[in-house]
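Participant: Below is one structure. I have some questions about it.
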Amino acid sequence: MLTLEVRRRPGTGAEMHRITGPSATVGASSGNEIVVRARGVYGRHLRLLERDGAYHLDLFRGIGAVQLNGREFSGGAIAPGDRITIGEATITVVDAAPAPRSTPVDEMPEGDVAPPPPVAAAPAPAATAQLPATEVEYRGLRSAAYRICRQARSAEDLATELTDFLDRELPPSEWAVGEFSPIAGFRPLASTFRENPALPPRMVQDIRSGERLARSESVTGILTLVVEPPVEGGGCAGILVRESPRLAARAVLFLEELVQLAGVAFAGAVAVADEGAPAIRPTQEAPIGAVPPAIEASPAEIVLRSTDDLKKIVETVEREVIDRAMRRVEGNQSRGAQILNISRGSLIAKLKEFGVPDYRYMRRERGRRG
């Protein structure tokens, strides 16, 4: 049996894991026997297996060396007391006793009778993860996301918690949460991808041109990058997903809402002059003594900073999402209801409740220009 002590980062609490089988995988994805969500840990990072009477560590293809007792280590035997470092996570080998070898029947002394092998119970059928489909379910997801963003103490912690949240609530897609800049591209802070994906140049160009969502379809699946409204000359929060299966339109809208909320939390360390005033995020290096320009915050950002009233926050963000969807479809209520995954009657009631403008004038203006 292999006993491991896992710490996501220095100073955090330890998690104990006991491996009774011949092997186990370690990584950030929920499909591993040992799930470690920390900065620098890939979706499937390494495998621990029993071989030749000892436990060995093997890295998955494409994964760089880890640290074993402070030195680079690309694989081999491990022993009790060894300290394995993967990014910010630390795994300490507490015990590494291989399973006892059973005596074959032909080697047993005469007169001894081998006991009958135990009858293994039939495995329970695996439960199929159900993706959220109703507005009530998405409202619950929004509430959980708000709590995560309010409690995060750093961008790295927030990215790790949001990646864990998305992997749990929208399986079995692969997720990465990080920052996007026009120069460096997307930089993941936490990821469940088995291998760090390379973004197609067209996706990067779409985001640089001002799009908030870029998609690329290939034989490996659908790669989607969602970013918050970009800040000229600076970076912004982003969520990268390899969709499996393809996400519904309502789920994509939820990601747009979530990444905007994450962007507010990423910038939460910036001081504000007055309570309730929008945060100021510098867009580029300014001369010493220069005052950075204030960026106009959305109603959702202002409410999020000024109150903990969850009902008020949900209503404000819901109005913003509906307003954005109706603007996108130029006031077409049937298409808007389909995107928002609600009935047309419910949409009409919400349009009246929230006072959303009638965007059909955009179609009329487009017709006059044509």
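Each chain in the structure tokens gets a letter, A, B and so on, in the order shown; residues start at 1 in every chain, and ligands are counted from 1 in the order they appear.
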Excluding same-chain residues fewer than 6 positions from segment 156-166 of chain A, what lies within 6 Å of it counting only C-alpha atoms, as a short mmCIF file (atom, residue, chain, number, x, y, z; two decimals) with N, CA and C atoms, in the first residue's frame?
Facilitator:
```
data_model
loop_
_atom_site.label_atom_id
_atom_site.label_comp_id
_atom_site.auth_asym_id
_atom_site.auth_seq_id
_atom_site.Cartn_x
_atom_site.Cartn_y
_atom_site.Cartn_z
N VAL A 177 -8.28 28.19 -16.62
CA VAL A 177 -8.61 29.56 -16.26
C VAL A 177 -7.31 30.33 -16.13
N LEU A 189 -3.52 29.79 -15.44
CA LEU A 189 -3.10 29.77 -14.05
C LEU A 189 -3.49 28.46 -13.38
N ALA A 190 -4.51 27.79 -13.90
CA ALA A 190 -4.93 26.48 -13.42
C ALA A 190 -5.58 25.75 -14.59
#
```
Participant: Can you tell me, as a VMD selection string, what residues are no more than 9 Å from segment 331-337 of chain A when counting only C-alpha atoms, ignoring any on the same chain fewer than 3 positions away?
Facilitator: chain A and resid 322 325 to 328 340 to 348 357 to 363
Participant: Using only C-alpha atoms, find each residue of segment 116-224 of chain A with at least one atom at most 12 Å away from an atom of segment 244-258 of chain A; report its shortest atom-to-atom pair and that distance in Å (one decimal), sort the rows by chain and rising residue number, and return the result as JSON lines.
Facilitator:
```
{"residue": "A:Ala129", "atom": "CA", "partner": "A:Pro245", "partner_atom": "CA", "distance": 11.8}
{"residue": "A:Gln130", "atom": "CA", "partner": "A:Pro245", "partner_atom": "CA", "distance": 11.8}
{"residue": "A:Leu131", "atom": "CA", "partner": "A:Ala251", "partner_atom": "CA", "distance": 9.3}
{"residue": "A:Pro132", "atom": "CA", "partner": "A:Ala251", "partner_atom": "CA", "distance": 8.2}
{"residue": "A:Ala133", "atom": "CA", "partner": "A:Arg250", "partner_atom": "CA", "distance": 8.1}
{"residue": "A:Thr134", "atom": "CA", "partner": "A:Arg250", "partner_atom": "CA", "distance": 9.1}
{"residue": "A:Glu135", "atom": "CA", "partner": "A:Arg250", "partner_atom": "CA", "distance": 8.8}
{"residue": "A:Glu137", "atom": "CA", "partner": "A:Ala251", "partner_atom": "CA", "distance": 10.9}
{"residue": "A:Tyr138", "atom": "CA", "partner": "A:Phe254", "partner_atom": "CA", "distance": 7.6}
{"residue": "A:Arg139", "atom": "CA", "partner": "A:Phe254", "partner_atom": "CA", "distance": 9.6}
{"residue": "A:Gly140", "atom": "CA", "partner": "A:Phe254", "partner_atom": "CA", "distance": 11.5}
{"residue": "A:Leu141", "atom": "CA", "partner": "A:Phe254", "partner_atom": "CA", "distance": 8.8}
{"residue": "A:Arg142", "atom": "CA", "partner": "A:Leu258", "partner_atom": "CA", "distance": 7.7}
{"residue": "A:Ser143", "atom": "CA", "partner": "A:Leu258", "partner_atom": "CA", "distance": 10.7}
{"residue": "A:Ala144", "atom": "CA", "partner": "A:Leu258", "partner_atom": "CA", "distance": 10.7}
{"residue": "A:Ala145", "atom": "CA", "partner": "A:Leu258", "partner_atom": "CA", "distance": 7.3}
{"residue": "A:Tyr146", "atom": "CA", "partner": "A:Leu258", "partner_atom": "CA", "distance": 8.7}
{"residue": "A:Arg147", "atom": "CA", "partner": "A:Leu258", "partner_atom": "CA", "distance": 11.9}
{"residue": "A:Ile148", "atom": "CA", "partner": "A:Leu258", "partner_atom": "CA", "distance": 10.8}
{"residue": "A:Cys149", "atom": "CA", "partner": "A:Leu258", "partner_atom": "CA", "distance": 9.5}
{"residue": "A:Leu158", "atom": "CA", "partner": "A:Leu258", "partner_atom": "CA", "distance": 11.9}
{"residue": "A:Ala159", "atom": "CA", "partner": "A:Leu258", "partner_atom": "CA", "distance": 11.7}
{"residue": "A:Leu162", "atom": "CA", "partner": "A:Leu258", "partner_atom": "CA", "distance": 9.2}
{"residue": "A:Thr163", "atom": "CA", "partner": "A:Leu258", "partner_atom": "CA", "distance": 11.6}
{"residue": "A:Phe165", "atom": "CA", "partner": "A:Leu258", "partner_atom": "CA", "distance": 11.3}
{"residue": "A:Leu166", "atom": "CA", "partner": "A:Leu255", "partner_atom": "CA", "distance": 9.6}
{"residue": "A:Asp167", "atom": "CA", "partner": "A:Ser244", "partner_atom": "CA", "distance": 11.5}
{"residue": "A:Glu169", "atom": "CA", "partner": "A:Ala251", "partner_atom": "CA", "distance": 10.9}
{"residue": "A:Leu170", "atom": "CA", "partner": "A:Ala251", "partner_atom": "CA", "distance": 8.8}
{"residue": "A:Pro171", "atom": "CA", "partner": "A:Ser244", "partner_atom": "CA", "distance": 7.8}
{"residue": "A:Pro172", "atom": "CA", "partner": "A:Ser244", "partner_atom": "CA", "distance": 6.0}
{"residue": "A:Ser173", "atom": "CA", "partner": "A:Ser244", "partner_atom": "CA", "distance": 4.8}
{"residue": "A:Glu174", "atom": "CA", "partner": "A:Ser244", "partner_atom": "CA", "distance": 7.8}
{"residue": "A:Trp175", "atom": "CA", "partner": "A:Ser244", "partner_atom": "CA", "distance": 10.6}
{"residue": "A:Val177", "atom": "CA", "partner": "A:Leu258", "partner_atom": "CA", "distance": 10.8}
{"residue": "A:Glu211", "atom": "CA", "partner": "A:Glu256", "partner_atom": "CA", "distance": 11.5}
{"residue": "A:Arg212", "atom": "CA", "partner": "A:Glu256", "partner_atom": "CA", "distance": 7.8}
{"residue": "A:Leu213", "atom": "CA", "partner": "A:Glu256", "partner_atom": "CA", "distance": 8.1}
{"residue": "A:Ala214", "atom": "CA", "partner": "A:Val252", "partner_atom": "CA", "distance": 11.2}
{"residue": "A:Arg215", "atom": "CA", "partner": "A:Arg246", "partner_atom": "CA", "distance": 11.2}
{"residue": "A:Ser216", "atom": "CA", "partner": "A:Arg246", "partner_atom": "CA", "distance": 11.9}
{"residue": "A:Glu217", "atom": "CA", "partner": "A:Arg246", "partner_atom": "CA", "distance": 10.4}
{"residue": "A:Thr220", "atom": "CA", "partner": "A:Ser244", "partner_atom": "CA", "distance": 9.9}
{"residue": "A:Gly221", "atom": "CA", "partner": "A:Ser244", "partner_atom": "CA", "distance": 7.2}
{"residue": "A:Ile222", "atom": "CA", "partner": "A:Arg246", "partner_atom": "CA", "distance": 7.2}
{"residue": "A:Leu223", "atom": "CA", "partner": "A:Ser244", "partner_atom": "CA", "distance": 9.6}
{"residue": "A:Thr224", "atom": "CA", "partner": "A:Val252", "partner_atom": "CA", "distance": 9.4}
```
Participant: Near Phe186 of chain A, within 10 Å and counting only C-alpha atoms, which residues show up once chain neighbours fewer than 5 positions away are dropped, as an MDAnalysis selection string?
Facilitator: chainID A and resid 176:181 198:199 204 225 227 235:240
Participant: May I ask which of the residues A:Arg8, A:His56, A:Lys311, A:Arg153 is the closest one to Ala38 of chain A, counting only C-alpha atoms?
Facilitator: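 Of the candidates, the smallest distance to Ala38 of chain A is held by A:Arg8.
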Participant: Take atom CA of Asn69 of chain A and atom CA of Pro22 of chain A and report the distance between them in Å, one decimal.
Facilitator: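 The value is 23.8 Å.
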Participant: Which residues come within 7 Å of Gly40 of chain A, counting only C-alpha atoms, excluding same-chain residues fewer than 6 positions away, as a PDB file with all heavy atoms, in the first residue's frame?
Facilitator:
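Final output, saved to result_25.pdb:
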```
ATOM      1  N   ILE A  86       5.493  19.247  -7.656  1.00  0.00           N
ATOM      2  CA  ILE A  86       4.904  19.485  -8.978  1.00  0.00           C
ATOM      3  C   ILE A  86       4.336  20.893  -8.958  1.00  0.00           C
ATOM      4  O   ILE A  86       3.290  21.137  -8.369  1.00  0.00           O
ATOM      5  CB  ILE A  86       3.785  18.486  -9.305  1.00  0.00           C
ATOM      6  CG1 ILE A  86       4.184  17.056  -8.945  1.00  0.00           C
ATOM      7  CG2 ILE A  86       3.383  18.577 -10.752  1.00  0.00           C
ATOM      8  CD1 ILE A  86       3.053  16.069  -9.072  1.00  0.00           C
ATOM      9  N   GLY A  87       5.003  21.831  -9.610  1.00  0.00           N
ATOM     10  CA  GLY A  87       4.534  23.209  -9.559  1.00  0.00           C
ATOM     11  C   GLY A  87       4.538  23.701  -8.118  1.00  0.00           C
ATOM     12  O   GLY A  87       5.556  23.657  -7.424  1.00  0.00           O
ATOM     13  N   GLU A  88       3.361  24.144  -7.637  1.00  0.00           N
ATOM     14  CA  GLU A  88       3.244  24.598  -6.258  1.00  0.00           C
ATOM     15  C   GLU A  88       2.871  23.465  -5.306  1.00  0.00           C
ATOM     16  O   GLU A  88       2.898  23.650  -4.092  1.00  0.00           O
ATOM     17  CB  GLU A  88       2.188  25.701  -6.154  1.00  0.00           C
ATOM     18  CG  GLU A  88       2.586  27.001  -6.837  1.00  0.00           C
ATOM     19  CD  GLU A  88       1.590  28.103  -6.594  1.00  0.00           C
ATOM     20  OE1 GLU A  88       0.477  27.783  -6.129  1.00  0.00           O
ATOM     21  OE2 GLU A  88       1.904  29.270  -6.842  1.00  0.00           O
TER      22      GLU A  88
END
```
Participant: Any idea what the distance is between atom CA of Arg37 of chain A and atom CA of Leu57 of chain A?
Facilitator: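 Those two atoms sit 18.8 Å apart.
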